[in-house]
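Enquirer: Input start21.cif, format and content: mmCIF, N, CA and C atoms.
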```cif
data_entry
loop_
_atom_site.label_atom_id
_atom_site.label_comp_id
_atom_site.auth_asym_id
_atom_site.auth_seq_id
_atom_site.Cartn_x
_atom_site.Cartn_y
_atom_site.Cartn_z
N MET A 1 -16.93 -13.65 1.89
CA MET A 1 -17.11 -15.05 1.64
C MET A 1 -18.28 -15.52 2.49
N THR A 2 -19.18 -16.26 1.90
CA THR A 2 -20.35 -16.74 2.62
C THR A 2 -20.03 -18.01 3.40
N PHE A 3 -20.86 -18.27 4.42
CA PHE A 3 -20.67 -19.45 5.26
C PHE A 3 -21.07 -20.70 4.49
N SER A 4 -20.30 -21.76 4.69
CA SER A 4 -20.59 -23.03 4.02
C SER A 4 -19.99 -24.16 4.84
N TYR A 5 -20.62 -25.32 4.78
CA TYR A 5 -20.06 -26.50 5.42
C TYR A 5 -19.03 -27.18 4.53
N SER A 6 -18.93 -26.73 3.31
CA SER A 6 -17.96 -27.30 2.38
C SER A 6 -16.59 -26.67 2.64
N PRO A 7 -15.54 -27.47 2.70
CA PRO A 7 -14.21 -26.90 2.90
C PRO A 7 -13.78 -26.08 1.69
N ILE A 8 -12.97 -25.07 1.94
CA ILE A 8 -12.44 -24.29 0.83
C ILE A 8 -10.99 -24.71 0.60
N PHE A 9 -10.57 -24.58 -0.62
CA PHE A 9 -9.21 -24.93 -0.99
C PHE A 9 -8.63 -23.78 -1.79
N THR A 10 -7.33 -23.66 -1.75
CA THR A 10 -6.70 -22.62 -2.55
C THR A 10 -6.93 -22.92 -4.02
N GLN A 11 -7.05 -21.86 -4.80
CA GLN A 11 -7.40 -21.99 -6.22
C GLN A 11 -6.25 -21.60 -7.15
N THR A 12 -5.57 -20.52 -6.83
CA THR A 12 -4.56 -19.98 -7.72
C THR A 12 -3.23 -19.87 -7.00
N ILE A 13 -2.23 -20.60 -7.46
CA ILE A 13 -0.90 -20.52 -6.87
C ILE A 13 -0.22 -19.24 -7.37
N LYS A 14 0.39 -18.52 -6.44
CA LYS A 14 1.08 -17.29 -6.79
C LYS A 14 2.48 -17.30 -6.20
N SER A 15 3.39 -16.64 -6.90
CA SER A 15 4.73 -16.43 -6.37
C SER A 15 5.18 -15.03 -6.75
N ASN A 16 6.14 -14.55 -6.01
CA ASN A 16 6.65 -13.21 -6.28
C ASN A 16 8.14 -13.17 -5.92
N THR A 17 8.89 -12.42 -6.67
CA THR A 17 10.30 -12.19 -6.35
C THR A 17 10.54 -10.69 -6.25
N THR A 18 11.48 -10.33 -5.41
CA THR A 18 11.86 -8.94 -5.28
C THR A 18 13.29 -8.88 -4.76
N GLN A 19 13.91 -7.74 -4.92
CA GLN A 19 15.28 -7.54 -4.43
C GLN A 19 15.31 -6.25 -3.62
N ILE A 20 15.98 -6.31 -2.48
CA ILE A 20 16.13 -5.13 -1.63
C ILE A 20 17.62 -4.85 -1.47
N THR A 21 18.00 -3.58 -1.58
CA THR A 21 19.40 -3.20 -1.41
C THR A 21 19.60 -2.14 -0.33
N ALA A 22 18.52 -1.54 0.15
CA ALA A 22 18.63 -0.47 1.14
C ALA A 22 18.24 -0.98 2.53
N ALA A 23 18.72 -0.29 3.55
CA ALA A 23 18.48 -0.69 4.94
C ALA A 23 17.17 -0.12 5.47
N ASN A 24 16.58 -0.86 6.42
CA ASN A 24 15.42 -0.40 7.18
C ASN A 24 15.67 -0.79 8.63
N ILE A 25 15.68 0.19 9.54
CA ILE A 25 15.92 -0.12 10.94
C ILE A 25 14.67 0.03 11.80
N SER A 26 13.55 0.41 11.20
CA SER A 26 12.33 0.66 11.96
C SER A 26 11.50 -0.61 12.12
N ARG A 27 11.00 -0.81 13.32
CA ARG A 27 10.08 -1.92 13.59
C ARG A 27 8.62 -1.45 13.57
N THR A 28 8.40 -0.17 13.36
CA THR A 28 7.03 0.37 13.38
C THR A 28 6.62 1.10 12.10
N ALA A 29 7.56 1.73 11.41
CA ALA A 29 7.24 2.49 10.19
C ALA A 29 8.28 2.12 9.13
N PRO A 30 8.14 0.94 8.53
CA PRO A 30 9.19 0.48 7.61
C PRO A 30 9.29 1.31 6.34
N SER A 31 10.51 1.36 5.83
CA SER A 31 10.76 1.99 4.54
C SER A 31 11.81 1.13 3.84
N ASN A 32 12.06 1.41 2.60
CA ASN A 32 13.11 0.72 1.84
C ASN A 32 12.89 -0.79 1.75
N GLY A 33 11.66 -1.23 1.85
CA GLY A 33 11.35 -2.65 1.72
C GLY A 33 10.54 -2.91 0.48
N SER A 34 9.83 -4.01 0.47
CA SER A 34 9.05 -4.37 -0.70
C SER A 34 7.86 -5.24 -0.31
N THR A 35 6.78 -5.08 -1.05
CA THR A 35 5.64 -5.98 -0.88
C THR A 35 6.02 -7.31 -1.50
N ILE A 36 5.95 -8.37 -0.71
CA ILE A 36 6.35 -9.68 -1.19
C ILE A 36 5.15 -10.54 -1.56
N TYR A 37 3.95 -10.21 -1.03
CA TYR A 37 2.75 -10.98 -1.38
C TYR A 37 1.52 -10.11 -1.13
N SER A 38 0.60 -10.10 -2.08
CA SER A 38 -0.68 -9.40 -1.94
C SER A 38 -1.81 -10.42 -1.97
N SER A 39 -2.73 -10.32 -1.02
CA SER A 39 -3.79 -11.32 -0.92
C SER A 39 -4.78 -11.22 -2.08
N GLY A 40 -5.46 -12.34 -2.31
CA GLY A 40 -6.49 -12.40 -3.34
C GLY A 40 -7.82 -11.91 -2.81
N THR A 41 -8.83 -11.95 -3.64
CA THR A 41 -10.17 -11.46 -3.31
C THR A 41 -10.76 -12.15 -2.08
N ASN A 42 -10.51 -13.43 -1.91
CA ASN A 42 -11.05 -14.19 -0.78
C ASN A 42 -9.99 -14.52 0.27
N GLY A 43 -8.87 -13.83 0.24
CA GLY A 43 -7.78 -14.12 1.16
C GLY A 43 -6.78 -15.07 0.53
N SER A 44 -5.70 -15.33 1.25
CA SER A 44 -4.62 -16.15 0.71
C SER A 44 -3.95 -16.98 1.80
N LEU A 45 -3.35 -18.05 1.38
CA LEU A 45 -2.48 -18.86 2.22
C LEU A 45 -1.05 -18.61 1.75
N VAL A 46 -0.20 -18.13 2.64
CA VAL A 46 1.19 -17.86 2.28
C VAL A 46 2.04 -18.99 2.84
N ASN A 47 2.76 -19.69 1.95
CA ASN A 47 3.52 -20.86 2.36
C ASN A 47 4.89 -20.52 2.94
N TYR A 48 5.69 -19.78 2.21
CA TYR A 48 7.04 -19.50 2.69
C TYR A 48 7.66 -18.31 1.96
N VAL A 49 8.74 -17.80 2.56
CA VAL A 49 9.59 -16.79 1.93
C VAL A 49 11.01 -17.33 1.98
N ASN A 50 11.70 -17.26 0.86
CA ASN A 50 13.11 -17.64 0.80
C ASN A 50 13.92 -16.37 0.56
N CYS A 51 14.99 -16.19 1.34
CA CYS A 51 15.86 -15.02 1.23
C CYS A 51 17.25 -15.51 0.87
N HIS A 52 17.89 -14.86 -0.09
CA HIS A 52 19.25 -15.24 -0.46
C HIS A 52 20.09 -13.98 -0.72
N TRP A 53 21.24 -13.92 -0.07
CA TRP A 53 22.14 -12.78 -0.21
C TRP A 53 23.02 -12.99 -1.43
N ALA A 54 23.08 -11.99 -2.29
CA ALA A 54 23.86 -12.08 -3.52
C ALA A 54 25.33 -11.72 -3.29
N THR A 55 25.62 -11.15 -2.14
CA THR A 55 26.99 -10.72 -1.82
C THR A 55 27.30 -11.09 -0.37
N SER A 56 28.46 -10.69 0.11
CA SER A 56 28.78 -10.89 1.52
C SER A 56 27.78 -10.13 2.37
N ASN A 57 27.52 -10.66 3.55
CA ASN A 57 26.59 -9.97 4.45
C ASN A 57 27.12 -10.01 5.87
N VAL A 58 26.67 -9.06 6.67
CA VAL A 58 26.99 -9.03 8.09
C VAL A 58 25.77 -9.54 8.86
N ALA A 59 25.96 -9.88 10.11
CA ALA A 59 24.83 -10.34 10.92
C ALA A 59 23.79 -9.23 10.98
N GLY A 60 22.53 -9.61 10.91
CA GLY A 60 21.47 -8.61 10.93
C GLY A 60 20.12 -9.25 11.12
N LEU A 61 19.09 -8.56 10.61
CA LEU A 61 17.71 -9.01 10.78
C LEU A 61 16.91 -8.82 9.50
N ILE A 62 15.93 -9.68 9.33
CA ILE A 62 14.89 -9.52 8.32
C ILE A 62 13.60 -9.25 9.07
N PHE A 63 12.85 -8.23 8.67
CA PHE A 63 11.58 -7.90 9.30
C PHE A 63 10.44 -8.27 8.35
N LEU A 64 9.41 -8.91 8.87
CA LEU A 64 8.23 -9.26 8.08
C LEU A 64 7.02 -8.57 8.69
N PHE A 65 6.31 -7.81 7.87
CA PHE A 65 5.15 -7.03 8.31
C PHE A 65 3.90 -7.46 7.55
N THR A 66 2.73 -7.26 8.17
CA THR A 66 1.48 -7.26 7.41
C THR A 66 1.14 -5.80 7.16
N TYR A 67 0.44 -5.55 6.07
CA TYR A 67 0.03 -4.20 5.71
C TYR A 67 -1.42 -4.24 5.27
N ASP A 68 -2.27 -3.43 5.91
CA ASP A 68 -3.70 -3.44 5.61
C ASP A 68 -4.13 -2.30 4.69
N GLY A 69 -3.17 -1.61 4.10
CA GLY A 69 -3.47 -0.46 3.25
C GLY A 69 -3.24 0.85 3.98
N THR A 70 -3.17 0.79 5.32
CA THR A 70 -2.92 1.97 6.14
C THR A 70 -1.81 1.74 7.14
N ASN A 71 -1.85 0.61 7.83
CA ASN A 71 -0.92 0.34 8.93
C ASN A 71 -0.03 -0.87 8.67
N TYR A 72 1.23 -0.73 9.06
CA TYR A 72 2.16 -1.85 9.04
C TYR A 72 2.19 -2.46 10.43
N ARG A 73 2.19 -3.79 10.50
CA ARG A 73 2.29 -4.50 11.78
C ARG A 73 3.42 -5.51 11.68
N LEU A 74 4.42 -5.36 12.53
CA LEU A 74 5.54 -6.30 12.56
C LEU A 74 5.02 -7.64 13.09
N ILE A 75 5.20 -8.70 12.29
CA ILE A 75 4.73 -10.00 12.75
C ILE A 75 5.86 -10.93 13.14
N ASN A 76 7.07 -10.67 12.66
CA ASN A 76 8.20 -11.48 13.08
C ASN A 76 9.51 -10.88 12.60
N GLU A 77 10.59 -11.27 13.31
CA GLU A 77 11.95 -10.88 12.95
C GLU A 77 12.77 -12.15 12.82
N TYR A 78 13.72 -12.15 11.89
CA TYR A 78 14.54 -13.33 11.64
C TYR A 78 16.01 -12.91 11.63
N SER A 79 16.84 -13.66 12.33
CA SER A 79 18.27 -13.37 12.41
C SER A 79 19.00 -13.85 11.16
N THR A 80 20.03 -13.11 10.80
CA THR A 80 20.90 -13.52 9.70
C THR A 80 22.32 -13.67 10.23
N THR A 81 23.09 -14.52 9.60
CA THR A 81 24.46 -14.80 10.00
C THR A 81 25.43 -14.22 8.98
N ALA A 82 26.51 -13.65 9.45
CA ALA A 82 27.53 -13.10 8.56
C ALA A 82 28.14 -14.21 7.70
N THR A 83 28.22 -13.96 6.41
CA THR A 83 28.76 -14.94 5.47
C THR A 83 29.53 -14.23 4.36
N THR A 84 30.65 -14.80 3.97
CA THR A 84 31.40 -14.32 2.80
C THR A 84 31.43 -15.45 1.78
N PRO A 85 30.62 -15.33 0.73
CA PRO A 85 30.58 -16.41 -0.26
C PRO A 85 31.88 -16.49 -1.06
N SER A 86 32.20 -17.70 -1.46
CA SER A 86 33.39 -17.94 -2.28
C SER A 86 33.09 -19.12 -3.20
N SER A 87 34.12 -19.68 -3.80
CA SER A 87 33.92 -20.83 -4.68
C SER A 87 33.54 -22.09 -3.90
N THR A 88 33.74 -22.08 -2.59
CA THR A 88 33.40 -23.25 -1.76
C THR A 88 32.37 -22.94 -0.68
N VAL A 89 32.04 -21.66 -0.48
CA VAL A 89 31.07 -21.26 0.54
C VAL A 89 29.90 -20.56 -0.15
N PRO A 90 28.70 -21.12 -0.04
CA PRO A 90 27.54 -20.46 -0.66
C PRO A 90 27.15 -19.20 0.09
N GLY A 91 26.47 -18.29 -0.61
CA GLY A 91 25.94 -17.11 0.04
C GLY A 91 24.91 -17.51 1.07
N PHE A 92 24.66 -16.63 2.03
CA PHE A 92 23.71 -16.94 3.11
C PHE A 92 22.29 -17.02 2.56
N SER A 93 21.56 -18.04 2.98
CA SER A 93 20.16 -18.22 2.62
C SER A 93 19.35 -18.42 3.89
N LEU A 94 18.13 -17.94 3.85
CA LEU A 94 17.20 -18.09 4.97
C LEU A 94 15.85 -18.49 4.40
N ASN A 95 15.35 -19.64 4.82
CA ASN A 95 14.03 -20.09 4.40
C ASN A 95 13.08 -19.89 5.57
N ILE A 96 12.01 -19.12 5.35
CA ILE A 96 11.06 -18.78 6.40
C ILE A 96 9.74 -19.50 6.11
N PRO A 97 9.46 -20.62 6.78
CA PRO A 97 8.17 -21.27 6.58
C PRO A 97 7.08 -20.46 7.28
N LEU A 98 6.01 -20.15 6.59
CA LEU A 98 4.95 -19.32 7.17
C LEU A 98 3.67 -20.13 7.39
N ASN A 99 3.10 -20.62 6.30
CA ASN A 99 1.86 -21.40 6.37
C ASN A 99 0.77 -20.72 7.20
N PHE A 100 0.51 -19.45 6.89
CA PHE A 100 -0.59 -18.77 7.53
C PHE A 100 -1.42 -18.02 6.50
N THR A 101 -2.61 -17.63 6.89
CA THR A 101 -3.52 -16.95 5.97
C THR A 101 -3.50 -15.44 6.21
N ILE A 102 -3.72 -14.70 5.13
CA ILE A 102 -3.93 -13.26 5.24
C ILE A 102 -5.24 -12.95 4.56
N GLN A 103 -5.98 -12.03 5.15
CA GLN A 103 -7.31 -11.71 4.62
C GLN A 103 -7.23 -10.81 3.41
N SER A 104 -8.33 -10.73 2.71
CA SER A 104 -8.43 -9.89 1.53
C SER A 104 -8.06 -8.45 1.88
N GLY A 105 -7.30 -7.80 0.99
CA GLY A 105 -6.89 -6.42 1.21
C GLY A 105 -5.59 -6.26 1.96
N TYR A 106 -5.03 -7.36 2.45
CA TYR A 106 -3.77 -7.31 3.18
C TYR A 106 -2.62 -7.74 2.28
N SER A 107 -1.42 -7.38 2.68
CA SER A 107 -0.22 -7.84 1.97
C SER A 107 0.90 -8.06 2.98
N LEU A 108 1.93 -8.76 2.53
CA LEU A 108 3.13 -8.96 3.34
C LEU A 108 4.21 -8.04 2.80
N TYR A 109 4.91 -7.39 3.70
CA TYR A 109 5.96 -6.44 3.37
C TYR A 109 7.22 -6.89 4.08
N ILE A 110 8.35 -6.91 3.37
CA ILE A 110 9.58 -7.42 3.94
C ILE A 110 10.70 -6.40 3.83
N THR A 111 11.54 -6.32 4.87
CA THR A 111 12.66 -5.38 4.86
C THR A 111 13.91 -6.06 5.42
N ASN A 112 15.06 -5.45 5.16
CA ASN A 112 16.34 -5.93 5.65
C ASN A 112 16.96 -4.84 6.52
N TYR A 113 17.51 -5.21 7.66
CA TYR A 113 18.10 -4.25 8.58
C TYR A 113 19.35 -3.59 8.00
N ASN A 114 20.10 -4.33 7.20
CA ASN A 114 21.36 -3.82 6.64
C ASN A 114 21.20 -3.46 5.17
N ALA A 115 22.06 -2.57 4.69
CA ALA A 115 22.06 -2.18 3.28
C ALA A 115 22.87 -3.22 2.49
N GLU A 116 22.21 -4.31 2.14
CA GLU A 116 22.84 -5.41 1.41
C GLU A 116 21.90 -5.86 0.30
N THR A 117 22.44 -6.51 -0.70
CA THR A 117 21.61 -7.01 -1.80
C THR A 117 21.04 -8.37 -1.42
N VAL A 118 19.70 -8.37 -1.21
CA VAL A 118 19.01 -9.59 -0.81
C VAL A 118 17.89 -9.87 -1.81
N ASN A 119 17.84 -11.10 -2.29
CA ASN A 119 16.77 -11.54 -3.19
C ASN A 119 15.74 -12.32 -2.38
N PHE A 120 14.47 -12.02 -2.59
CA PHE A 120 13.39 -12.68 -1.87
C PHE A 120 12.47 -13.38 -2.86
N TYR A 121 12.02 -14.56 -2.47
CA TYR A 121 11.04 -15.32 -3.25
C TYR A 121 9.95 -15.76 -2.28
N CYS A 122 8.71 -15.52 -2.64
CA CYS A 122 7.58 -15.88 -1.79
C CYS A 122 6.60 -16.73 -2.59
N GLN A 123 6.05 -17.76 -1.95
CA GLN A 123 5.05 -18.60 -2.62
C GLN A 123 3.83 -18.74 -1.73
N GLY A 124 2.68 -18.71 -2.35
CA GLY A 124 1.41 -18.89 -1.66
C GLY A 124 0.33 -19.22 -2.65
N ALA A 125 -0.91 -19.12 -2.21
CA ALA A 125 -2.05 -19.40 -3.10
C ALA A 125 -3.26 -18.62 -2.62
N ASP A 126 -4.08 -18.19 -3.56
CA ASP A 126 -5.30 -17.45 -3.24
C ASP A 126 -6.48 -18.41 -3.13
N TYR A 127 -7.40 -18.08 -2.21
CA TYR A 127 -8.63 -18.86 -2.07
C TYR A 127 -9.63 -18.43 -3.13
#
```
Can you turn what I pasted into structure tokens?

Expert:
Amino acid sequence: MTFSYSPIFTQTIKSNTTQITAANISRTAPSNGSTIYSSGTNGSLVNYVNCHWATSNVAGLIFLFTYDGTNYRLINEYSTTATTPSSTVPGFSLNIPLNFTIQSGYSLYITNYNAETVNFYCQGADY
């Protein structure tokens, strides 16, 4: 991207959904996760990730990584609370506000510490 005094704005809104059912306990070499967002040609602004458990869950962690095509970098961990959904208790949900940029060629990769069915939704926009 060339230098300019004109501000840039996001151009294309993107969202992605994925489901993870397998566990990942590594903070350095993740497996059993999923790419939740891939940056655009000029980079991207990632707004948030929403996580929702489709079944009962135990206390655990969600790991969020950046991936540059070669290396994974853990950027944050999020705690989860044990919940047993019923007709009066909703399944556990976690909303992760991000509001940060990732450069071209990078992506966000997300994993769950426990082997549970978790649905993820991510929203952002490309520059």

Enquirer: Can you pull out every residue within 7 Å of Ser107 (chain A), counting only N, CA and C atoms, but drop anything in the same chain fewer than 5 positions away, and send it as a list in words?

Expert: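 Here the answer would be Thr35, Ile36, Tyr37, Ser38, Ser39, Phe65, Thr66, Tyr67, Asp68, Gly69 and Ile102 of chain A.
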
Enquirer: For the residues selected in the previous step, produce a file with N, CA and C atoms as a PDB file, in the frame of the given file.

Expert:
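selection07.pdb written:
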```pdb
ATOM      1  N   THR A  35       6.780  -5.080  -1.050  1.00  0.00           N
ATOM      2  CA  THR A  35       5.640  -5.980  -0.880  1.00  0.00           C
ATOM      3  C   THR A  35       6.020  -7.310  -1.500  1.00  0.00           C
ATOM      4  N   ILE A  36       5.950  -8.370  -0.710  1.00  0.00           N
ATOM      5  CA  ILE A  36       6.350  -9.680  -1.190  1.00  0.00           C
ATOM      6  C   ILE A  36       5.150 -10.540  -1.560  1.00  0.00           C
ATOM      7  N   TYR A  37       3.950 -10.210  -1.030  1.00  0.00           N
ATOM      8  CA  TYR A  37       2.750 -10.980  -1.380  1.00  0.00           C
ATOM      9  C   TYR A  37       1.520 -10.110  -1.130  1.00  0.00           C
ATOM     10  N   SER A  38       0.600 -10.100  -2.080  1.00  0.00           N
ATOM     11  CA  SER A  38      -0.680  -9.400  -1.940  1.00  0.00           C
ATOM     12  C   SER A  38      -1.810 -10.420  -1.970  1.00  0.00           C
ATOM     13  N   SER A  39      -2.730 -10.320  -1.020  1.00  0.00           N
ATOM     14  CA  SER A  39      -3.790 -11.320  -0.920  1.00  0.00           C
ATOM     15  C   SER A  39      -4.780 -11.220  -2.080  1.00  0.00           C
ATOM     16  N   PHE A  65       6.310  -7.810   7.870  1.00  0.00           N
ATOM     17  CA  PHE A  65       5.150  -7.030   8.310  1.00  0.00           C
ATOM     18  C   PHE A  65       3.900  -7.460   7.550  1.00  0.00           C
ATOM     19  N   THR A  66       2.730  -7.260   8.170  1.00  0.00           N
ATOM     20  CA  THR A  66       1.480  -7.260   7.410  1.00  0.00           C
ATOM     21  C   THR A  66       1.140  -5.800   7.160  1.00  0.00           C
ATOM     22  N   TYR A  67       0.440  -5.550   6.070  1.00  0.00           N
ATOM     23  CA  TYR A  67       0.030  -4.200   5.710  1.00  0.00           C
ATOM     24  C   TYR A  67      -1.420  -4.240   5.270  1.00  0.00           C
ATOM     25  N   ASP A  68      -2.270  -3.430   5.910  1.00  0.00           N
ATOM     26  CA  ASP A  68      -3.700  -3.440   5.610  1.00  0.00           C
ATOM     27  C   ASP A  68      -4.130  -2.300   4.690  1.00  0.00           C
ATOM     28  N   GLY A  69      -3.170  -1.610   4.100  1.00  0.00           N
ATOM     29  CA  GLY A  69      -3.470  -0.460   3.250  1.00  0.00           C
ATOM     30  C   GLY A  69      -3.240   0.850   3.980  1.00  0.00           C
ATOM     31  N   ILE A 102      -3.720 -14.700   5.130  1.00  0.00           N
ATOM     32  CA  ILE A 102      -3.930 -13.260   5.240  1.00  0.00           C
ATOM     33  C   ILE A 102      -5.240 -12.950   4.560  1.00  0.00           C
TER      34      ILE A 102
END
```

Enquirer: So, counting all atoms listed in the file, which residue among A:Phe100, A:Arg73, A:Thr55, A:Tyr121 is closest to Arg27 (chain A)?

Expert: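 Looking only at the distances to Arg27 (chain A), the closest residue turns out to be A:Arg73.
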
Enquirer: Selected by the PyMOL selection byres ((chain A and resi 95) around 6) in the shown coordinates: which residues, as a list in words?

Expert: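 Written out, the selection comes to Val49, Asn50, Cys51, Ser93, Leu94, Ile96 and Pro97 of chain A.
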
Enquirer: Would you put the residues from that selection into a file with N, CA and C atoms, as a compact mmCIF listing (two decimals), in the coordinates of the input?

Expert:
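Result written to result01.txt:
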```txt
# COMPACT_ATOMS: atom_id res chain seq x y z
N VAL A 49 8.74 -17.80 2.56
CA VAL A 49 9.59 -16.79 1.93
C VAL A 49 11.01 -17.33 1.98
N ASN A 50 11.70 -17.26 0.86
CA ASN A 50 13.11 -17.64 0.80
C ASN A 50 13.92 -16.37 0.56
N CYS A 51 14.99 -16.19 1.34
CA CYS A 51 15.86 -15.02 1.23
C CYS A 51 17.25 -15.51 0.87
N SER A 93 21.56 -18.04 2.98
CA SER A 93 20.16 -18.22 2.62
C SER A 93 19.35 -18.42 3.89
N LEU A 94 18.13 -17.94 3.85
CA LEU A 94 17.20 -18.09 4.97
C LEU A 94 15.85 -18.49 4.40
N ILE A 96 12.01 -19.12 5.35
CA ILE A 96 11.06 -18.78 6.40
C ILE A 96 9.74 -19.50 6.11
N PRO A 97 9.46 -20.62 6.78
CA PRO A 97 8.17 -21.27 6.58
C PRO A 97 7.08 -20.46 7.28
```

Enquirer: So how far away is CA of Pro30 (chain A) from CA of His52 (chain A), in Å?

Expert: 20.3 Å

Enquirer: Exactly which residues make up the result of the PyMOL selection byres ((chain A and resi 78) around 6.5) on this file, given as a PyMOL selection string?

Expert: chain A and resi 60-64+76-77+79-80

Enquirer: Can you write just those residues out, N, CA and C atoms, as a compact mmCIF listing (two decimals), keeping the file's coordinate frame?

Expert:
```
# COMPACT_ATOMS: atom_id res chain seq x y z
N GLY A 60 22.53 -9.61 10.91
CA GLY A 60 21.47 -8.61 10.93
C GLY A 60 20.12 -9.25 11.12
N LEU A 61 19.09 -8.56 10.61
CA LEU A 61 17.71 -9.01 10.78
C LEU A 61 16.91 -8.82 9.50
N ILE A 62 15.93 -9.68 9.33
CA ILE A 62 14.89 -9.52 8.32
C ILE A 62 13.60 -9.25 9.07
N PHE A 63 12.85 -8.23 8.67
CA PHE A 63 11.58 -7.90 9.30
C PHE A 63 10.44 -8.27 8.35
N LEU A 64 9.41 -8.91 8.87
CA LEU A 64 8.23 -9.26 8.08
C LEU A 64 7.02 -8.57 8.69
N ASN A 76 7.07 -10.67 12.66
CA ASN A 76 8.20 -11.48 13.08
C ASN A 76 9.51 -10.88 12.60
N GLU A 77 10.59 -11.27 13.31
CA GLU A 77 11.95 -10.88 12.95
C GLU A 77 12.77 -12.15 12.82
N SER A 79 16.84 -13.66 12.33
CA SER A 79 18.27 -13.37 12.41
C SER A 79 19.00 -13.85 11.16
N THR A 80 20.03 -13.11 10.80
CA THR A 80 20.90 -13.52 9.70
C THR A 80 22.32 -13.67 10.23
```

Enquirer: Which is closest to Asn16 (chain A) among A:Ala115, A:Cys122, A:Leu74, A:Leu45, if we use only C-alpha atoms?

Expert: A:Cys122

Enquirer: If I take CA of Thr117 (chain A) and CA of Thr21 (chain A), how far is one from the other in Å, to one decimal?

Expert: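 So the two atoms, CA of Thr117 (chain A) and CA of Thr21 (chain A), lie 4.4 Å apart.
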